[in-house]
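input06.cif, holding mmCIF, C-alpha atoms and all ligand atoms:
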data_work
#
loop_
_atom_site.group_PDB
_atom_site.id
_atom_site.type_symbol
_atom_site.label_atom_id
_atom_site.label_comp_id
_atom_site.auth_asym_id
_atom_site.auth_seq_id
_atom_site.Cartn_x
_atom_site.Cartn_y
_atom_site.Cartn_z
ATOM 1 C CA MET X 393 0.000 0.000 0.000
ATOM 2 C CA ILE X 394 1.359 3.432 -1.002
ATOM 3 C CA ILE X 395 0.876 6.009 1.752
ATOM 4 C CA ILE X 396 1.931 9.507 0.752
ATOM 5 C CA ALA X 397 1.845 11.934 3.668
ATOM 6 C CA GLY X 398 3.151 15.362 4.601
ATOM 7 C CA PRO X 399 2.147 18.992 4.723
ATOM 8 C CA CYS X 400 0.122 20.682 2.002
ATOM 9 C CA SER X 401 2.982 23.189 1.627
ATOM 10 C CA ILE X 402 6.602 23.132 2.672
ATOM 11 C CA GLU X 403 6.731 26.028 5.152
ATOM 12 C CA GLY X 404 10.194 25.713 6.674
ATOM 13 C CA LYS X 405 12.185 23.449 8.981
ATOM 14 C CA ASN X 406 9.026 21.782 10.307
ATOM 15 C CA PHE X 407 8.940 19.906 6.985
ATOM 16 C CA ILE X 408 11.761 17.693 8.300
ATOM 17 C CA GLN X 409 10.030 17.162 11.641
ATOM 18 C CA ILE X 410 6.737 16.252 9.907
ATOM 19 C CA GLY X 411 8.629 13.971 7.510
ATOM 20 C CA LEU X 412 10.250 12.028 10.347
ATOM 21 C CA ALA X 413 6.909 11.732 12.148
ATOM 22 C CA VAL X 414 4.991 10.402 9.122
ATOM 23 C CA LYS X 415 7.810 7.989 8.324
ATOM 24 C CA ALA X 416 7.698 6.629 11.880
ATOM 25 C CA ALA X 417 3.919 6.212 11.518
ATOM 26 C CA GLY X 418 4.229 4.187 8.306
ATOM 27 C CA ALA X 419 4.228 6.634 5.379
ATOM 28 C CA THR X 420 5.972 5.295 2.272
ATOM 29 C CA HIS X 421 6.383 8.703 0.580
ATOM 30 C CA LEU X 422 6.732 12.298 1.802
ATOM 31 C CA ARG X 423 4.747 15.080 0.116
ATOM 32 C CA GLY X 424 5.093 18.849 0.294
ATOM 33 C CA GLY X 425 4.031 21.680 -1.989
ATOM 34 C CA VAL X 426 6.650 24.063 -3.357
ATOM 35 C CA PHE X 427 4.504 25.994 -5.853
ATOM 36 C CA LYS X 428 0.902 26.001 -4.660
ATOM 37 C CA PRO X 429 -2.034 26.530 -6.996
ATOM 38 C CA ARG X 430 -4.219 29.144 -5.251
ATOM 39 C CA SER X 431 -7.655 30.626 -5.912
ATOM 40 C CA SER X 432 -6.267 34.160 -5.698
ATOM 41 C CA PRO X 433 -2.856 35.475 -6.834
ATOM 42 C CA PHE X 434 -2.713 37.543 -3.634
ATOM 43 C CA ARG X 435 -2.517 34.479 -1.386
ATOM 44 C CA TRP X 436 0.731 32.870 -0.257
ATOM 45 C CA SER X 437 1.709 30.283 -2.848
ATOM 46 C CA GLY X 438 4.581 28.370 -1.310
ATOM 47 C CA LEU X 439 8.297 28.906 -0.704
ATOM 48 C CA HIS X 440 9.206 28.354 -4.372
ATOM 49 C CA GLU X 441 13.024 28.117 -4.831
ATOM 50 C CA GLU X 442 13.525 28.589 -1.082
ATOM 51 C CA ALA X 443 12.021 25.127 -0.535
ATOM 52 C CA LEU X 444 14.708 23.363 -2.580
ATOM 53 C CA PRO X 445 17.301 23.078 0.244
ATOM 54 C CA LEU X 446 14.550 21.646 2.460
ATOM 55 C CA LEU X 447 13.770 18.991 -0.161
ATOM 56 C CA GLU X 448 17.457 18.133 -0.250
ATOM 57 C CA GLU X 449 17.640 17.927 3.541
ATOM 58 C CA ALA X 450 14.497 15.776 3.686
ATOM 59 C CA ARG X 451 15.990 13.365 1.172
ATOM 60 C CA VAL X 452 19.002 12.823 3.468
ATOM 61 C CA VAL X 453 17.428 13.091 6.917
ATOM 62 C CA VAL X 454 13.994 11.535 6.317
ATOM 63 C CA GLY X 455 14.959 9.251 3.460
ATOM 64 C CA LEU X 456 11.466 8.782 1.973
ATOM 65 C CA PRO X 457 10.810 9.349 -1.752
ATOM 66 C CA LEU X 458 9.476 12.872 -2.340
ATOM 67 C CA VAL X 459 6.195 13.703 -4.121
ATOM 68 C CA VAL X 460 5.913 17.312 -5.339
ATOM 69 C CA GLU X 461 3.504 19.083 -7.691
ATOM 70 C CA ALA X 462 4.789 20.834 -10.816
ATOM 71 C CA MET X 463 2.523 23.161 -12.798
ATOM 72 C CA SER X 464 4.687 24.082 -15.801
ATOM 73 C CA PRO X 465 7.606 22.738 -17.860
ATOM 74 C CA GLN X 466 9.848 25.270 -16.062
ATOM 75 C CA GLN X 467 8.797 23.894 -12.666
ATOM 76 C CA ILE X 468 9.378 20.317 -13.875
ATOM 77 C CA GLU X 469 12.934 21.270 -14.817
ATOM 78 C CA LEU X 470 13.623 23.122 -11.571
ATOM 79 C CA LEU X 471 12.200 20.357 -9.344
ATOM 80 C CA TYR X 472 13.597 17.423 -11.335
ATOM 81 C CA PRO X 473 16.804 16.899 -9.288
ATOM 82 C CA TYR X 474 14.914 16.977 -5.974
ATOM 83 C CA VAL X 475 11.773 15.003 -6.681
ATOM 84 C CA ASP X 476 11.032 11.264 -6.958
ATOM 85 C CA VAL X 477 7.388 11.488 -8.085
ATOM 86 C CA PHE X 478 5.829 14.435 -9.941
ATOM 87 C CA GLN X 479 2.294 15.362 -8.930
ATOM 88 C CA VAL X 480 -0.163 16.669 -11.513
ATOM 89 C CA GLY X 481 -2.714 18.706 -9.578
ATOM 90 C CA ALA X 482 -6.465 18.734 -10.136
ATOM 91 C CA ARG X 483 -6.275 22.121 -11.864
ATOM 92 C CA ASN X 484 -3.929 20.753 -14.517
ATOM 93 C CA SER X 485 -5.515 17.360 -15.162
ATOM 94 C CA THR X 486 -6.932 18.490 -18.500
ATOM 95 C CA ASN X 487 -3.865 20.513 -19.560
ATOM 96 C CA THR X 488 -2.940 18.055 -22.280
ATOM 97 C CA GLU X 489 0.295 19.762 -23.412
ATOM 98 C CA LEU X 490 1.566 19.665 -19.821
ATOM 99 C CA LEU X 491 0.485 16.014 -19.486
ATOM 100 C CA LYS X 492 2.568 15.209 -22.563
ATOM 101 C CA GLU X 493 5.556 16.913 -20.905
ATOM 102 C CA PHE X 494 5.107 14.648 -17.845
ATOM 103 C CA GLY X 495 4.970 11.778 -20.318
ATOM 104 C CA ARG X 496 8.479 12.672 -21.501
ATOM 105 C CA GLN X 497 9.937 12.451 -17.964
ATOM 106 C CA ASP X 498 11.659 9.372 -16.568
ATOM 107 C CA LYS X 499 10.106 9.749 -13.116
ATOM 108 C CA PRO X 500 6.712 8.460 -11.928
ATOM 109 C CA VAL X 501 3.688 10.738 -12.162
ATOM 110 C CA LEU X 502 0.858 11.000 -9.639
ATOM 111 C CA TYR X 503 -2.116 12.113 -11.743
ATOM 112 C CA LYS X 504 -4.907 13.704 -9.713
ATOM 113 C CA ARG X 505 -8.479 13.771 -10.983
ATOM 114 C CA GLY X 506 -9.740 17.123 -12.192
ATOM 115 C CA MET X 507 -12.608 18.566 -10.174
ATOM 116 C CA ALA X 508 -14.949 18.396 -13.186
ATOM 117 C CA GLN X 509 -13.512 15.338 -14.921
ATOM 118 C CA THR X 510 -15.715 12.317 -15.515
ATOM 119 C CA ILE X 511 -14.245 8.918 -14.667
ATOM 120 C CA GLU X 512 -13.772 8.118 -18.352
ATOM 121 C CA GLU X 513 -12.061 11.466 -19.004
ATOM 122 C CA PHE X 514 -9.830 10.804 -15.978
ATOM 123 C CA VAL X 515 -8.773 7.445 -17.443
ATOM 124 C CA MET X 516 -8.271 8.953 -20.931
ATOM 125 C CA GLY X 517 -6.158 11.719 -19.406
ATOM 126 C CA THR X 518 -3.541 9.150 -18.412
ATOM 127 C CA ASP X 519 -3.077 8.289 -22.098
ATOM 128 C CA PHE X 520 -1.485 11.711 -22.699
ATOM 129 C CA ILE X 521 1.277 10.673 -20.263
ATOM 130 C CA LEU X 522 1.524 6.989 -21.255
ATOM 131 C CA ASN X 523 1.541 7.749 -24.974
ATOM 132 C CA GLU X 524 4.758 9.777 -24.647
ATOM 133 C CA GLY X 525 6.525 6.783 -23.124
ATOM 134 C CA ASN X 526 6.188 7.269 -19.368
ATOM 135 C CA THR X 527 4.316 4.211 -18.079
ATOM 136 C CA ASN X 528 4.877 4.954 -14.383
ATOM 137 C CA VAL X 529 1.542 6.557 -13.621
ATOM 138 C CA ILE X 530 -0.524 6.449 -10.426
ATOM 139 C CA MET X 531 -4.051 7.889 -10.461
ATOM 140 C CA CYS X 532 -5.501 9.772 -7.492
ATOM 141 C CA GLU X 533 -9.185 10.353 -6.694
ATOM 142 C CA ARG X 534 -9.219 13.655 -4.785
ATOM 143 C CA GLY X 535 -12.885 14.570 -4.847
ATOM 144 C CA ILE X 536 -15.043 16.339 -7.397
ATOM 145 C CA ARG X 537 -17.164 19.492 -7.241
ATOM 146 C CA THR X 538 -20.799 18.744 -6.445
ATOM 147 C CA PHE X 539 -23.736 20.740 -5.023
ATOM 148 C CA GLU X 540 -22.644 19.671 -1.542
ATOM 149 C CA SER X 541 -21.112 22.505 0.461
ATOM 150 C CA TYR X 542 -20.648 20.931 3.897
ATOM 151 C CA THR X 543 -17.533 19.301 2.501
ATOM 152 C CA ARG X 544 -14.956 21.005 0.267
ATOM 153 C CA ASN X 545 -15.260 18.321 -2.420
ATOM 154 C CA THR X 546 -17.083 15.007 -2.713
ATOM 155 C CA LEU X 547 -14.685 12.076 -2.710
ATOM 156 C CA ASP X 548 -16.095 9.812 -5.401
ATOM 157 C CA ILE X 549 -15.834 6.281 -4.023
ATOM 158 C CA ASN X 550 -17.402 5.026 -7.291
ATOM 159 C CA CYS X 551 -14.290 6.162 -9.110
ATOM 160 C CA ILE X 552 -12.016 3.636 -7.379
ATOM 161 C CA PRO X 553 -13.647 0.347 -8.480
ATOM 162 C CA SER X 554 -14.594 1.974 -11.833
ATOM 163 C CA VAL X 555 -10.944 2.724 -12.617
ATOM 164 C CA LYS X 556 -10.142 -0.876 -11.667
ATOM 165 C CA GLU X 557 -12.676 -1.996 -14.307
ATOM 166 C CA LEU X 558 -11.402 0.383 -16.985
ATOM 167 C CA CYS X 559 -7.605 0.076 -16.760
ATOM 168 C CA SER X 560 -4.751 -1.489 -14.841
ATOM 169 C CA ILE X 561 -3.224 1.715 -13.467
ATOM 170 C CA PRO X 562 -2.949 1.867 -9.652
ATOM 171 C CA ILE X 563 -5.321 4.336 -7.996
ATOM 172 C CA ILE X 564 -5.001 5.991 -4.607
ATOM 173 C CA ALA X 565 -7.392 8.315 -2.743
ATOM 174 C CA ASP X 566 -6.844 11.731 -1.184
ATOM 175 C CA PRO X 567 -9.472 12.131 1.553
ATOM 176 C CA SER X 568 -7.837 15.401 2.700
ATOM 177 C CA HIS X 569 -8.859 17.351 -0.419
ATOM 178 C CA GLY X 570 -11.763 14.938 -0.904
ATOM 179 C CA THR X 571 -13.452 16.158 2.278
ATOM 180 C CA GLY X 572 -11.735 19.403 3.299
ATOM 181 C CA ARG X 573 -12.489 18.509 6.919
ATOM 182 C CA ARG X 574 -9.992 17.082 9.386
ATOM 183 C CA SER X 575 -12.663 15.103 11.232
ATOM 184 C CA LEU X 576 -13.642 13.198 8.072
ATOM 185 C CA VAL X 577 -10.199 12.206 6.829
ATOM 186 C CA VAL X 578 -9.833 8.952 8.810
ATOM 187 C CA PRO X 579 -13.274 7.434 8.045
ATOM 188 C CA VAL X 580 -13.120 8.382 4.358
ATOM 189 C CA ALA X 581 -9.572 6.975 4.101
ATOM 190 C CA CYS X 582 -10.945 3.706 5.502
ATOM 191 C CA ALA X 583 -13.800 3.745 2.968
ATOM 192 C CA ALA X 584 -11.391 4.269 0.061
ATOM 193 C CA ILE X 585 -9.197 1.357 1.120
ATOM 194 C CA ALA X 586 -12.283 -0.816 1.612
ATOM 195 C CA ALA X 587 -13.360 0.110 -1.947
ATOM 196 C CA GLY X 588 -10.060 -1.175 -3.328
ATOM 197 C CA ALA X 589 -7.747 1.852 -3.408
ATOM 198 C CA ASP X 590 -4.066 0.957 -3.713
ATOM 199 C CA GLY X 591 -3.052 3.669 -1.291
ATOM 200 C CA LEU X 592 -3.674 7.113 0.132
ATOM 201 C CA MET X 593 -2.425 10.676 0.081
ATOM 202 C CA ILE X 594 -2.901 12.414 3.430
ATOM 203 C CA GLU X 595 -2.094 15.990 4.488
ATOM 204 C CA VAL X 596 -0.319 15.984 7.846
ATOM 205 C CA HIS X 597 0.904 18.996 9.821
ATOM 206 C CA SER X 598 2.528 19.286 13.240
ATOM 207 C CA ASP X 599 0.220 22.221 14.099
ATOM 208 C CA PRO X 600 -2.729 22.071 11.669
ATOM 209 C CA ASP X 601 -4.421 25.223 12.998
ATOM 210 C CA ARG X 602 -1.330 27.244 12.061
ATOM 211 C CA ALA X 603 -0.694 25.622 8.671
ATOM 212 C CA LEU X 604 -0.267 28.217 5.900
ATOM 213 C CA THR X 605 -2.440 26.189 3.473
ATOM 214 C CA ASP X 606 -5.141 23.550 3.937
ATOM 215 C CA GLY X 607 -4.937 23.461 7.747
ATOM 216 C CA SER X 608 -8.642 22.677 8.068
ATOM 217 C CA GLN X 609 -8.118 19.337 6.342
ATOM 218 C CA SER X 610 -4.696 18.522 7.822
ATOM 219 C CA ILE X 611 -4.335 15.969 10.608
ATOM 220 C CA THR X 612 -1.635 15.658 13.271
ATOM 221 C CA PRO X 613 1.071 12.973 13.087
ATOM 222 C CA GLU X 614 -0.659 11.204 16.014
ATOM 223 C CA ILE X 615 -3.997 10.952 14.178
ATOM 224 C CA PHE X 616 -2.098 9.927 11.051
ATOM 225 C CA ALA X 617 -0.497 7.053 12.986
ATOM 226 C CA SER X 618 -3.930 5.803 14.027
ATOM 227 C CA LEU X 619 -5.180 6.184 10.419
ATOM 228 C CA VAL X 620 -2.336 3.966 9.188
ATOM 229 C CA ARG X 621 -3.143 1.299 11.782
ATOM 230 C CA ARG X 622 -6.810 1.316 10.771
ATOM 231 C CA VAL X 623 -6.306 1.148 7.016
ATOM 232 C CA LYS X 624 -3.717 -1.621 7.370
ATOM 233 C CA ALA X 625 -6.204 -3.618 9.455
ATOM 234 C CA ILE X 626 -8.910 -3.103 6.791
ATOM 235 C CA LYS X 627 -6.551 -4.156 3.996
ATOM 236 C CA GLU X 628 -5.660 -7.292 5.934
ATOM 237 C CA VAL X 629 -9.299 -8.243 6.521
ATOM 238 C CA LEU X 630 -10.036 -7.805 2.811
HETATM 239 C C1 LIG X 701 -2.458 19.347 -3.068
HETATM 240 O O1 LIG X 701 -2.198 18.128 -3.142
HETATM 241 O O2 LIG X 701 -2.073 20.091 -2.128
HETATM 242 C C2 LIG X 701 -3.364 19.932 -4.087
HETATM 243 C C3 LIG X 701 -3.318 21.226 -4.396
HETATM 244 O O3 LIG X 701 -4.201 19.009 -4.597
HETATM 245 P P1 LIG X 701 -5.341 19.148 -5.733
HETATM 246 O O4 LIG X 701 -4.585 19.443 -6.987
HETATM 247 O O5 LIG X 701 -5.975 17.796 -5.713
HETATM 248 O O6 LIG X 701 -6.268 20.250 -5.299
HETATM 249 MN MN MN X 702 -3.426 20.860 -0.165
#
How would this structure read if it were set down as structure tokens?
Amino acid sequence: MIIIAGPCSIEGKNFIQIGLAVKAAGATHLRGGVFKPRSSPFRWSGLHEEALPLLEEARVVVGLPLVVEAMSPQQIELLYPYVDVFQVGARNSTNTELLKEFGRQDKPVLYKRGMAQTIEEFVMGTDFILNEGNTNVIMCERGIRTFESYTRNTLDINCIPSVKELCSIPIIADPSHGTGRRSLVVPVACAAIAAGADGLMIEVHSDPDRALTDGSQSITPEIFASLVRRVKAIKEVL
């Protein structure tokens, strides 16, 4: 089971502390945003180049493979030496020229579902990467936009077994963005694993209320540790 965990954004030295904590709890990969897609250009959008030394330090000190989003060919080039898996964010899932650029890379790609992408479009989107020669693709259901407003997005459980019917690409779930609410992350993670997901992406922060992005959906390392125990138990039962 792939378990990608870490802060929404790399904010500073606490990235290392969070990395060590999620590794101890059972994470297989460490995530952290360097360039954050935001709804307004006036909001903080990550440390950008300043995060690169922290990625390098995390590689040595934490030792987990790093998953980082890139939003342009320039960002792919800048991040390439530091990153083990490139993330394609929901806002770029239908940017076919960018998908082709990820297809020309020799590193795995985590392809997140667009917020208005049907399941079939989501599966077809992977072809833009595969067709350029990169066959190391992992899909990620991260919730879609619906009329529901209690949650930030609606994590589409249907998507997980549907993707299993339509192709042989591994699919993981992101209940952090899929719910937008800290209290819902653990139960929805359990549901995704029960539905056949090959893994999870979870936002974890040492002090979620002070996180610079996505604090409301971030869980503490302690809660993350209990999440890992639960999903492993579910996987075993299945
Ligand atoms: C993220 O992983 O922090 C992120 C921005 O995800 P998404 O593209 O799914 O919104
Ligand atoms: Mn986030």
Around ligand MN 702 (chain X), which protein and nucleic acid residues have at least one atom no more than 12 Å from it, if we count only C-alpha atoms and all ligand atoms? List them as an mmCIF file with C-alpha atoms, in the frame of the given file.
data_model
loop_
_atom_site.group_PDB
_atom_site.id
_atom_site.type_symbol
_atom_site.label_atom_id
_atom_site.label_comp_id
_atom_site.auth_asym_id
_atom_site.auth_seq_id
_atom_site.Cartn_x
_atom_site.Cartn_y
_atom_site.Cartn_z
ATOM 1 C CA ALA X 397 1.845 11.934 3.668
ATOM 2 C CA GLY X 398 3.151 15.362 4.601
ATOM 3 C CA PRO X 399 2.147 18.992 4.723
ATOM 4 C CA CYS X 400 0.122 20.682 2.002
ATOM 5 C CA SER X 401 2.982 23.189 1.627
ATOM 6 C CA ILE X 402 6.602 23.132 2.672
ATOM 7 C CA ARG X 423 4.747 15.080 0.116
ATOM 8 C CA GLY X 424 5.093 18.849 0.294
ATOM 9 C CA GLY X 425 4.031 21.680 -1.989
ATOM 10 C CA VAL X 426 6.650 24.063 -3.357
ATOM 11 C CA PHE X 427 4.504 25.994 -5.853
ATOM 12 C CA LYS X 428 0.902 26.001 -4.660
ATOM 13 C CA PRO X 429 -2.034 26.530 -6.996
ATOM 14 C CA ARG X 430 -4.219 29.144 -5.251
ATOM 15 C CA SER X 437 1.709 30.283 -2.848
ATOM 16 C CA GLY X 438 4.581 28.370 -1.310
ATOM 17 C CA VAL X 460 5.913 17.312 -5.339
ATOM 18 C CA GLU X 461 3.504 19.083 -7.691
ATOM 19 C CA GLN X 479 2.294 15.362 -8.930
ATOM 20 C CA GLY X 481 -2.714 18.706 -9.578
ATOM 21 C CA ALA X 482 -6.465 18.734 -10.136
ATOM 22 C CA ARG X 534 -9.219 13.655 -4.785
ATOM 23 C CA ARG X 544 -14.956 21.005 0.267
ATOM 24 C CA ASP X 566 -6.844 11.731 -1.184
ATOM 25 C CA PRO X 567 -9.472 12.131 1.553
ATOM 26 C CA SER X 568 -7.837 15.401 2.700
ATOM 27 C CA HIS X 569 -8.859 17.351 -0.419
ATOM 28 C CA GLY X 570 -11.763 14.938 -0.904
ATOM 29 C CA THR X 571 -13.452 16.158 2.278
ATOM 30 C CA GLY X 572 -11.735 19.403 3.299
ATOM 31 C CA ARG X 573 -12.489 18.509 6.919
ATOM 32 C CA MET X 593 -2.425 10.676 0.081
ATOM 33 C CA ILE X 594 -2.901 12.414 3.430
ATOM 34 C CA GLU X 595 -2.094 15.990 4.488
ATOM 35 C CA VAL X 596 -0.319 15.984 7.846
ATOM 36 C CA HIS X 597 0.904 18.996 9.821
ATOM 37 C CA PRO X 600 -2.729 22.071 11.669
ATOM 38 C CA ALA X 603 -0.694 25.622 8.671
ATOM 39 C CA LEU X 604 -0.267 28.217 5.900
ATOM 40 C CA THR X 605 -2.440 26.189 3.473
ATOM 41 C CA ASP X 606 -5.141 23.550 3.937
ATOM 42 C CA GLY X 607 -4.937 23.461 7.747
ATOM 43 C CA SER X 608 -8.642 22.677 8.068
ATOM 44 C CA GLN X 609 -8.118 19.337 6.342
ATOM 45 C CA SER X 610 -4.696 18.522 7.822
ATOM 46 C CA ILE X 611 -4.335 15.969 10.608
#
Pick out the closest residue to X:Glu614 from this set: X:Glu524, X:Asn545, X:Ala581, X:Ser598. Count all atoms listed in the file. X:Ser598
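With all atoms listed in the file as the atoms that count, the minimum distance from ligand LIG 701 (chain X) to the choices X:Ala413, X:Cys551, X:Val623, X:Cys532 is reached by X:Cys532.
What separates atom CA of X:Phe520 from atom CA of X:Ala443 is a distance of 29.2 Å.
The smallest atom-to-atom distance between X:Gly506 and any of X:Gln466, X:Asn487, X:Asn523, X:Gln409, using all atoms listed in the file, is found for X:Asn487.
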Using the file's own x, y and z axes, what box holds all listed atoms of ligand LIG 701 (chain X) with 8 Å on each side, keeping edges along x, y and z, and what are its centre and edge lengths in Å to one decimal, as JSON?
{"center_x": -4.2, "center_y": 19.5, "center_z": -4.6, "size_x": 20.2, "size_y": 19.4, "size_z": 20.9}
Using the chain letters and numbering of this document, enumerate as a PyMOL selection string the residues selected by the PyMOL selection byres (((chain X and resi 550) around 12) and not hetatm). chain X and resi 510-511+533+535-536+546-549+551-557+565+583-584+586-589
Could you tell me how far atom CA of X:Ser464 sits from atom CA of X:Pro433, in Å to one decimal place? 16.3 Å
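Considering the residues X:Glu628, X:Leu522, X:Lys504, X:Phe434 and counting only C-alpha atoms and all ligand atoms, ligand LIG 701 (chain X) has its shortest atom-to-atom contact with X:Lys504.
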So what does the PyMOL selection byres (((chain X and resi 454) around 7) and not hetatm) actually pick up in this one, as number ranges by chain? X: 408, 411-412, 450-453, 455-456
Store the residues picked out above in a file with C-alpha atoms, as an mmCIF file, in the coordinates of the input.
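Listing of selection_19.cif after writing:
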data_model
loop_
_atom_site.group_PDB
_atom_site.id
_atom_site.type_symbol
_atom_site.label_atom_id
_atom_site.label_comp_id
_atom_site.auth_asym_id
_atom_site.auth_seq_id
_atom_site.Cartn_x
_atom_site.Cartn_y
_atom_site.Cartn_z
ATOM 1 C CA ILE X 408 11.761 17.693 8.300
ATOM 2 C CA GLY X 411 8.629 13.971 7.510
ATOM 3 C CA LEU X 412 10.250 12.028 10.347
ATOM 4 C CA ALA X 450 14.497 15.776 3.686
ATOM 5 C CA ARG X 451 15.990 13.365 1.172
ATOM 6 C CA VAL X 452 19.002 12.823 3.468
ATOM 7 C CA VAL X 453 17.428 13.091 6.917
ATOM 8 C CA GLY X 455 14.959 9.251 3.460
ATOM 9 C CA LEU X 456 11.466 8.782 1.973
#
Give me, as a CSV table (one decimal) with C-alpha atoms, keeping the file's coordinate frame, all polymer residues having an atom no more than 8 Å from X:Phe478, counting only C-alpha atoms and skipping those fewer than 2 positions away in the same chain.
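As a result, selection_11.csv now contains:
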chain,number,residue,atom,x,y,z
X,459,VAL,CA,6.2,13.7,-4.1
X,460,VAL,CA,5.9,17.3,-5.3
X,461,GLU,CA,3.5,19.1,-7.7
X,462,ALA,CA,4.8,20.8,-10.8
X,468,ILE,CA,9.4,20.3,-13.9
X,475,VAL,CA,11.8,15.0,-6.7
X,476,ASP,CA,11.0,11.3,-7.0
X,480,VAL,CA,-0.2,16.7,-11.5
X,494,PHE,CA,5.1,14.6,-17.8
X,499,LYS,CA,10.1,9.7,-13.1
X,500,PRO,CA,6.7,8.5,-11.9
X,501,VAL,CA,3.7,10.7,-12.2
X,502,LEU,CA,0.9,11.0,-9.6
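The coordinates place atom CA of X:Arg483 at 21.3 Å from atom CA of X:Leu422.
Minimum atom-to-atom distances from X:Ala417, X:Val578, X:Val515, X:Met463 to X:Ile530 were compared using all atoms listed in the file, and the lowest value belongs to X:Val515.
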Give me the residues near X:Met393 as a count of residues only, where near means some atom within 7 Å (using only C-alpha atoms) and where sequence neighbours in that chain fewer than 2 positions away do not count. 3
